[in-house]
file model_27.txt (compact mmCIF, C-alpha atoms (C1' of nucleotides))
# COMPACT_ATOMS: atom_id res chain seq x y z
CA MET A 1 62.28 80.32 94.99
CA ARG A 2 63.46 83.90 95.06
CA GLU A 3 67.00 84.73 96.03
CA LYS A 4 67.64 87.72 98.22
CA LYS A 5 69.73 90.45 96.68
CA GLU A 6 72.57 92.18 98.43
CA SER A 7 75.45 94.22 97.11
CA PHE A 8 78.97 95.37 97.78
CA ILE A 9 81.37 97.88 96.29
CA ILE A 10 84.78 97.44 94.69
CA ASN A 11 86.96 100.46 94.01
CA LYS A 12 88.11 100.72 90.39
CA GLU A 13 91.69 101.05 91.53
CA LYS A 14 91.53 97.42 92.63
CA ILE A 15 90.36 95.83 89.40
CA ASN A 16 89.19 96.39 85.84
CA ILE A 17 86.33 93.94 85.56
CA ALA A 18 86.02 94.11 81.76
CA GLN A 19 89.70 93.25 81.37
CA THR A 20 89.40 90.55 83.99
CA LEU A 21 86.48 88.86 82.26
CA LYS A 22 87.85 89.18 78.73
CA CYS A 23 91.34 87.80 79.29
CA GLY A 24 90.28 84.23 78.62
CA GLN A 25 90.07 82.82 82.13
CA ILE A 26 86.27 82.63 82.32
CA PHE A 27 83.52 81.88 79.80
CA SER A 28 80.34 82.27 81.86
CA TYR A 29 79.59 85.98 81.70
CA ARG A 30 77.66 88.38 79.52
CA GLN A 31 77.57 92.09 78.97
CA ILE A 32 74.28 93.60 80.14
CA SER A 33 72.87 96.94 79.00
CA PHE A 34 74.65 99.31 76.66
CA ASN A 35 77.37 100.02 79.15
CA PRO A 36 80.29 97.81 78.11
CA ASP A 37 81.39 97.64 81.75
CA ASN A 38 78.14 96.16 83.08
CA PHE A 39 78.09 92.38 83.26
CA ILE A 40 76.30 89.38 84.62
CA ILE A 41 78.63 86.66 85.84
CA PHE A 42 77.72 83.05 86.53
CA SER A 43 79.96 80.89 88.70
CA SER A 44 79.00 77.41 89.84
CA ASN A 45 75.51 77.83 91.35
CA LYS A 46 75.79 81.58 91.94
CA LYS A 47 75.51 84.76 89.92
CA ALA A 48 76.45 88.41 90.26
CA GLU A 49 75.58 91.56 88.38
CA VAL A 50 78.28 94.17 87.89
CA TYR A 51 77.34 97.83 87.50
CA GLU A 52 79.97 100.41 86.68
CA MET A 53 79.77 103.63 88.71
CA LYS A 54 82.05 106.67 88.61
CA GLU A 55 84.75 105.42 90.93
CA HIS A 56 83.67 101.92 91.80
CA TYR A 57 81.76 98.86 90.73
CA LYS A 58 78.56 97.84 92.45
CA ILE A 59 78.25 94.06 92.68
CA CYS A 60 74.71 92.77 93.19
CA THR A 61 74.46 89.14 94.17
CA ASP A 62 72.67 86.56 96.26
CA ASN A 63 76.03 85.53 97.76
CA VAL A 64 78.28 88.40 98.80
CA PRO A 65 81.02 86.34 100.52
CA TYR A 66 81.40 84.07 97.49
CA PHE A 67 82.00 86.95 95.11
CA GLN A 68 84.23 88.87 97.49
CA ASN A 69 86.47 85.82 97.43
CA PHE A 70 85.86 85.31 93.69
CA PHE A 71 87.47 88.64 92.76
CA ASP A 72 90.50 87.89 94.95
CA LEU A 73 90.64 91.40 96.36
CA GLU A 74 93.25 90.68 99.03
CA THR A 75 96.13 89.83 96.69
CA ASP A 76 98.60 92.70 96.29
CA TYR A 77 98.65 93.22 92.52
CA GLU A 78 100.61 96.48 92.76
CA LYS A 79 103.50 94.48 94.15
CA ILE A 80 103.13 91.73 91.54
CA LYS A 81 103.04 94.26 88.72
CA SER A 82 106.03 96.19 90.01
CA ILE A 83 108.10 93.01 90.09
CA LEU A 84 106.96 91.73 86.69
CA SER A 85 107.40 95.17 85.09
CA LYS A 86 111.12 94.86 85.64
CA ASP A 87 111.01 92.44 82.72
CA LYS A 88 110.95 94.58 79.57
CA MET A 89 108.78 92.02 77.77
CA LEU A 90 105.93 92.64 80.21
CA VAL A 91 105.94 96.44 80.42
CA LYS A 92 103.44 96.96 77.61
CA PRO A 93 101.25 93.95 78.46
CA ILE A 94 100.91 95.24 82.04
CA GLU A 95 100.22 98.76 80.79
CA PHE A 96 97.48 97.39 78.52
CA GLY A 97 95.92 94.92 80.97
CA GLY A 98 96.95 96.24 84.36
CA GLY A 99 93.44 95.86 85.77
CA ILE A 100 93.37 92.08 85.39
CA ARG A 101 92.93 89.83 88.41
CA ILE A 102 92.95 86.05 88.33
CA LEU A 103 89.55 84.96 89.56
CA ARG A 104 88.92 82.30 92.18
CA GLN A 105 86.57 80.09 90.23
CA ASP A 106 84.82 76.83 90.99
CA LEU A 107 87.17 73.90 90.35
CA LEU A 108 84.69 71.54 88.69
CA GLU A 109 83.47 74.29 86.37
CA VAL A 110 87.05 75.15 85.41
CA ILE A 111 87.89 71.51 84.66
CA ILE A 112 84.89 70.96 82.39
CA SER A 113 85.20 74.38 80.75
CA PHE A 114 88.82 73.95 79.76
CA VAL A 115 88.23 70.49 78.32
CA PHE A 116 85.79 72.24 75.98
CA SER A 117 88.50 74.80 75.22
CA ALA A 118 90.88 72.38 73.50
CA ASN A 119 91.37 73.24 69.81
CA ASN A 120 88.33 75.50 70.03
CA ASN A 121 87.63 79.21 70.06
CA ILE A 122 86.29 81.33 72.90
CA LYS A 123 83.02 82.16 71.17
CA ARG A 124 82.15 78.50 70.60
CA ILE A 125 83.35 77.48 74.06
CA THR A 126 81.12 80.13 75.61
CA GLU A 127 78.08 79.03 73.61
CA SER A 128 78.59 75.37 74.49
CA LEU A 129 78.94 76.13 78.20
CA PHE A 130 75.81 78.28 78.30
CA ALA A 131 73.95 75.46 76.54
CA LEU A 132 75.34 73.03 79.12
CA ARG A 133 73.88 75.16 81.91
CA GLN A 134 70.54 75.59 80.19
CA LYS A 135 70.02 71.95 79.23
CA PHE A 136 71.54 70.16 82.21
CA GLY A 137 71.88 72.61 85.09
CA LYS A 138 69.16 72.87 87.68
CA HIS A 139 66.88 75.88 87.59
CA TYR A 140 67.67 78.22 90.48
CA GLY A 141 65.82 81.51 90.91
CA ASP A 142 65.81 83.07 87.46
CA TYR A 143 68.85 81.27 86.07
CA GLU A 144 70.44 77.85 85.57
CA ILE A 145 73.39 76.74 87.64
CA PHE A 146 76.44 74.87 86.39
CA PRO A 147 75.61 71.14 86.57
CA SER A 148 76.86 69.24 89.60
CA LEU A 149 79.11 66.24 89.14
CA LYS A 150 76.09 63.99 89.62
CA GLN A 151 74.13 65.89 86.98
CA LEU A 152 77.11 65.78 84.63
CA SER A 153 77.38 62.01 85.09
CA GLU A 154 73.96 61.57 83.54
CA ILE A 155 74.86 63.35 80.28
CA THR A 156 75.52 61.07 77.30
CA ALA A 157 78.08 61.59 74.56
CA GLU A 158 75.23 62.24 72.13
CA GLN A 159 73.95 65.02 74.39
CA PHE A 160 77.41 66.56 74.63
CA LYS A 161 77.54 66.59 70.85
CA GLU A 162 74.21 68.39 70.72
CA ILE A 163 75.75 71.33 72.58
CA GLY A 164 78.74 71.48 70.24
CA ALA A 165 81.31 69.40 72.10
CA GLY A 166 82.27 67.65 68.85
CA TYR A 167 84.93 64.98 69.29
CA ARG A 168 85.38 66.02 72.93
CA ALA A 169 82.04 64.39 73.77
CA GLU A 170 83.45 60.94 74.50
CA GLN A 171 86.38 62.47 76.39
CA LEU A 172 83.95 64.36 78.61
CA VAL A 173 81.89 61.27 79.44
CA LYS A 174 85.02 59.35 80.40
CA LEU A 175 86.43 62.31 82.33
CA ILE A 176 83.29 62.77 84.41
CA GLU A 177 83.41 59.10 85.35
CA GLN A 178 87.04 59.52 86.44
CA LEU A 179 86.30 62.69 88.41
CA GLN A 180 83.84 60.85 90.65
CA LYS A 181 86.71 58.76 92.05
CA ILE A 182 88.98 61.70 92.87
CA ASN A 183 89.34 63.38 96.25
CA PHE A 184 90.01 67.00 95.36
CA ASP A 185 90.57 68.09 98.96
CA GLU A 186 93.60 65.79 99.06
CA LEU A 187 94.87 67.13 95.73
CA LYS A 188 94.79 70.70 97.00
CA HIS A 189 97.67 70.03 99.39
CA LEU A 190 100.04 68.68 96.74
CA SER A 191 102.66 70.57 94.76
CA SER A 192 101.69 71.93 91.35
CA ASP A 193 103.87 69.35 89.62
CA LYS A 194 102.17 66.48 91.40
CA ILE A 195 98.68 67.81 90.69
CA LEU A 196 99.71 68.31 87.06
CA LYS A 197 100.67 64.66 86.69
CA LYS A 198 97.37 63.47 88.11
CA LEU A 199 95.38 65.84 85.91
CA ILE A 200 97.17 64.75 82.73
CA ASP A 201 96.11 61.15 83.38
CA LEU A 202 92.48 62.21 83.02
CA SER A 203 90.56 61.99 79.75
CA GLY A 204 90.59 65.17 77.69
CA ILE A 205 93.26 66.82 79.83
CA GLY A 206 96.73 67.38 78.39
CA PRO A 207 99.56 69.66 79.52
CA LYS A 208 97.93 72.94 78.48
CA VAL A 209 94.48 72.25 79.91
CA ALA A 210 96.10 70.93 83.10
CA ASP A 211 98.03 74.18 83.45
CA CYS A 212 94.80 76.17 83.04
CA ILE A 213 93.11 74.06 85.70
CA LEU A 214 96.04 74.65 88.04
CA LEU A 215 96.01 78.40 87.42
CA PHE A 216 92.26 79.08 87.37
CA GLY A 217 90.92 76.18 89.46
CA PHE A 218 93.67 75.62 92.03
CA ASN A 219 94.97 79.21 91.87
CA ARG A 220 98.55 78.04 91.44
CA THR A 221 100.56 80.85 89.90
CA ASP A 222 103.76 78.88 89.31
CA VAL A 223 102.48 77.52 85.98
CA PHE A 224 102.40 79.02 82.49
CA PRO A 225 99.75 77.61 80.14
CA VAL A 226 101.01 77.75 76.54
CA ASP A 227 98.32 77.97 73.88
CA THR A 228 98.32 79.35 70.34
CA TRP A 229 98.18 82.97 71.55
CA ILE A 230 101.12 82.51 73.88
CA GLU A 231 102.98 80.80 71.07
CA LYS A 232 102.42 83.89 68.91
CA ALA A 233 103.39 86.24 71.74
CA PHE A 234 106.55 84.21 72.29
CA LYS A 235 107.54 84.50 68.64
CA ASN A 236 106.71 88.23 68.59
CA PHE A 237 108.39 89.34 71.79
CA TYR A 238 110.91 86.79 73.02
CA GLU A 239 112.28 84.76 70.15
CA SER A 240 114.31 87.57 68.59
CA ASP A 241 116.26 87.90 71.85
CA LEU A 242 117.26 84.25 71.83
CA LYS A 243 120.26 82.48 70.38
CA ASN A 244 118.30 79.40 69.36
CA THR A 245 115.76 80.66 66.84
CA ASN A 246 114.75 77.17 65.74
CA HIS A 247 111.17 76.16 66.30
CA TRP A 248 110.37 76.01 70.01
CA SER A 249 107.85 73.38 71.08
CA ARG A 250 105.13 74.33 73.54
CA ALA A 251 106.88 72.28 76.21
CA GLU A 252 110.09 74.24 75.64
CA ILE A 253 108.27 77.58 75.73
CA ARG A 254 106.55 76.55 78.96
CA LYS A 255 109.85 75.59 80.59
CA PHE A 256 111.51 78.83 79.47
CA LEU A 257 108.70 81.05 80.76
CA THR A 258 108.05 79.25 84.06
CA GLU A 259 111.75 79.47 84.89
CA ARG A 260 111.78 83.14 83.92
CA TYR A 261 108.80 84.15 86.07
CA GLY A 262 108.76 81.55 88.87
CA ASN A 263 105.89 81.94 91.30
CA LEU A 264 104.52 84.85 89.28
CA ALA A 265 104.37 82.88 86.01
CA GLY A 266 100.59 82.60 86.04
CA TYR A 267 100.14 86.36 86.34
CA ALA A 268 102.68 87.00 83.59
CA GLN A 269 100.80 84.54 81.40
CA GLN A 270 97.53 86.42 81.80
CA TYR A 271 99.09 89.77 80.90
CA LEU A 272 100.76 88.25 77.82
CA PHE A 273 97.69 86.33 76.64
CA ASN A 274 95.53 89.40 76.98
CA TYR A 275 98.03 91.62 75.19
CA GLN A 276 98.49 89.23 72.28
CA ARG A 277 94.84 88.34 71.77
CA ASN A 278 93.00 91.52 72.69
CA PHE A 279 95.51 94.16 71.56
CA HIS A 280 97.72 92.81 68.81
CA ASN A 281 95.09 90.63 67.18
CA ARG A 282 92.03 92.62 68.19
CA GLN A 283 89.93 89.51 68.70
CA ILE A 284 87.61 91.01 71.26
CA ILE A 285 85.09 88.41 72.47
C1' DG B 286 88.47 74.89 49.47
C1' DC B 287 92.00 76.14 53.35
C1' DC B 288 93.34 77.90 57.94
C1' DC B 289 92.40 78.81 62.63
C1' DA B 290 90.58 78.46 67.42
C1' DG B 291 93.10 78.93 75.10
C1' DG B 292 95.02 70.87 72.12
C1' DG B 293 94.50 65.87 73.19
C1' DA B 294 94.74 60.90 71.99
C1' DT B 295 96.97 57.68 69.49
C1' DG B 296 100.52 55.35 67.07
C1' DC B 297 105.07 54.96 65.27
C1' DG B 298 110.21 55.39 65.45
C1' DC C 299 110.95 60.08 75.09
C1' DG C 300 109.70 63.31 70.46
C1' DC C 301 106.90 63.61 66.44
C1' DA C 302 103.02 63.31 62.98
C1' DT C 303 98.35 62.70 62.15
C1' DC C 304 93.63 62.81 63.08
C1' DC C 305 89.93 64.71 65.33
C1' DA C 306 84.18 68.11 65.13
C1' DT C 307 82.71 72.59 64.26
C1' DG C 308 81.97 77.34 62.82
C1' DG C 309 84.11 81.73 61.14
C1' DG C 310 87.26 84.25 58.22
call {"tool": "encode", "arguments": {"input": "model_27.txt", "output": "structure tokens"}}
result
Amino acid sequence: MREKKESFIINKEKINIAQTLKCGQIFSYRQISFNPDNFIIFSSNKKAEVYEMKEHYKICTDNVPYFQNFFDLETDYEKIKSILSKDKMLVKPIEFGGGIRILRQDLLEVIISFVFSANNNIKRITESLFALRQKFGKHYGDYEIFPSLKQLSEITAEQFKEIGAGYRAEQLVKLIEQLQKINFDELKHLSSDKILKKLIDLSGIGPKVADCILLFGFNRTDVFPVDTWIEKAFKNFYESDLKNTNHWSRAEIRKFLTERYGNLAGYAQQYLFNYQRNFHNRQII
DNA sequence: GCCCAGGGATGCG
DNA sequence: CGCATCCATGGG
């Protein structure tokens, strides 16, 4: 089977694709060629190639509408950034990562990916997820797609361990069983808090992973996932301004930052995560 | 050998 | 509730 190739253009003023891919929201992409701004992106059962031109990106794909939605080009980021920049803590993060957009990814892929992410690092997560595609995803054209829920349900804990899932293997098997009983179309109409509670009941999903699923899978921006990088950013940039300099738990940091940024919390989180990890710590890739 | 990585499950008070 | 401890795995 050979997929037909089409393409579309995105102006560089709308997005910085390298920043967008490297800010921790997605694991299924690779740099292609020597140009550090050329990528191949896999999402669910689709792929796109990104080529950097002088003033725009050329996106080559077998599914133009999917990737036009994927890059979320309609959201007014200039407005979001102008509001968030009024907070002095976000001025430099937005300056550094102002080309970031939060992608509209496939929900199932986000759920599975972020269960792998727990107490793990991005390099290992990426390798495990590519192995998951290659071993258990169906061959489609010249690449492997992300496994469907049915395909995932046939993977054993032993097989999850073979791709580096470690102690998350049993969690994943149990989770996939639970996912088959959930109606996600019903979930999509609930408030973020209510979805959060249902997600946390699932195997392998705690408060942080649930927040990531809400932000990247449900595109809810009123949540603020707190991981080790956000914890560091909080200590670096916020804690000195506070009266209570005792140790803040992740739950307390989350409450503080969601109340501070409201419906724009998710965007603020991405700018902060990116700034802490890719600028201050220089942990590129 | 220790510490860390986009933390979660479990048990104990 | 909050908290401590344990959990695979690879890199620094």
call {"tool": "residues_around", "arguments": {"input": "model_27.txt", "residues": "range 302-306 of chain C", "least_positions_apart": "4", "cutoff": "9 Å", "atoms": "all atoms listed in the file", "output": "MDAnalysis selection string"}}
result
(chainID A and resid 161 164:168) or (chainID B and resid 295 297)
call {"tool": "atom_distance", "arguments": {"input": "model_27.txt", "atom1": "CA of Leu264 in chain A", "atom2": "CA of Lys198 in chain A"}}
result
22.6 Å
call {"tool": "residues_around", "arguments": {"input": "model_27.txt", "residues": "Ser117 in chain A", "least_positions_apart": "5", "cutoff": "9 Å", "atoms": "only C-alpha atoms (C1' of nucleotides)", "output": "list of chain:residue names"}}
result
A:Ile112, A:Ile122, A:Arg124, A:Ile125, A:Val209, B:DA290, B:DG291, B:DG292
call {"tool": "write_last_selection", "arguments": {"input": "model_27.txt", "atoms": "C-alpha atoms (C1' of nucleotides)", "output": "short mmCIF file (atom, residue, chain, number, x, y, z; two decimals), keeping the file's coordinate frame"}}
result
data_model
loop_
_atom_site.label_atom_id
_atom_site.label_comp_id
_atom_site.auth_asym_id
_atom_site.auth_seq_id
_atom_site.Cartn_x
_atom_site.Cartn_y
_atom_site.Cartn_z
CA ILE A 112 84.89 70.96 82.39
CA ILE A 122 86.29 81.33 72.90
CA ARG A 124 82.15 78.50 70.60
CA ILE A 125 83.35 77.48 74.06
CA VAL A 209 94.48 72.25 79.91
"C1'" DA B 290 90.58 78.46 67.42
"C1'" DG B 291 93.10 78.93 75.10
"C1'" DG B 292 95.02 70.87 72.12
#
call {"tool": "interface_residues", "arguments": {"input": "model_27.txt", "of": "chain A", "to": "chain B", "cutoff": "7 Å", "atoms": "only C-alpha atoms (C1' of nucleotides)", "output": "PyMOL selection string"}}
result
chain A and resi 24+117-121+204-206+227
call {"tool": "atom_distance", "arguments": {"input": "model_27.txt", "atom1": "CA of Lys58 in chain A", "atom2": "CA of Arg104 in chain A"}}
result
18.7 Å
call {"tool": "atom_distance", "arguments": {"input": "model_27.txt", "atom1": "CA of Gly266 in chain A", "atom2": "CA of Glu95 in chain A"}}
result
17.0 Å
call {"tool": "closest_residue", "arguments": {"input": "model_27.txt", "among": "A:Ser128, A:Asn274, A:Gln134, A:Ser192", "to": "chain C", "atoms": "all atoms listed in the file"}}
result
A:Ser128
call {"tool": "residues_near_point", "arguments": {"input": "model_27.txt", "point": "(78.3, 89.5, 76.6)", "cutoff": "10 Å", "atoms": "all atoms listed in the file", "output": "list of chain:residue names"}}
result
A:Leu21, A:Lys22, A:Phe27, A:Ser28, A:Tyr29, A:Arg30, A:Gln31, A:Ile32, A:Ser33, A:Pro36, A:Asn38, A:Phe39, A:Ile40, A:Ile41, A:Thr126, A:Ile285
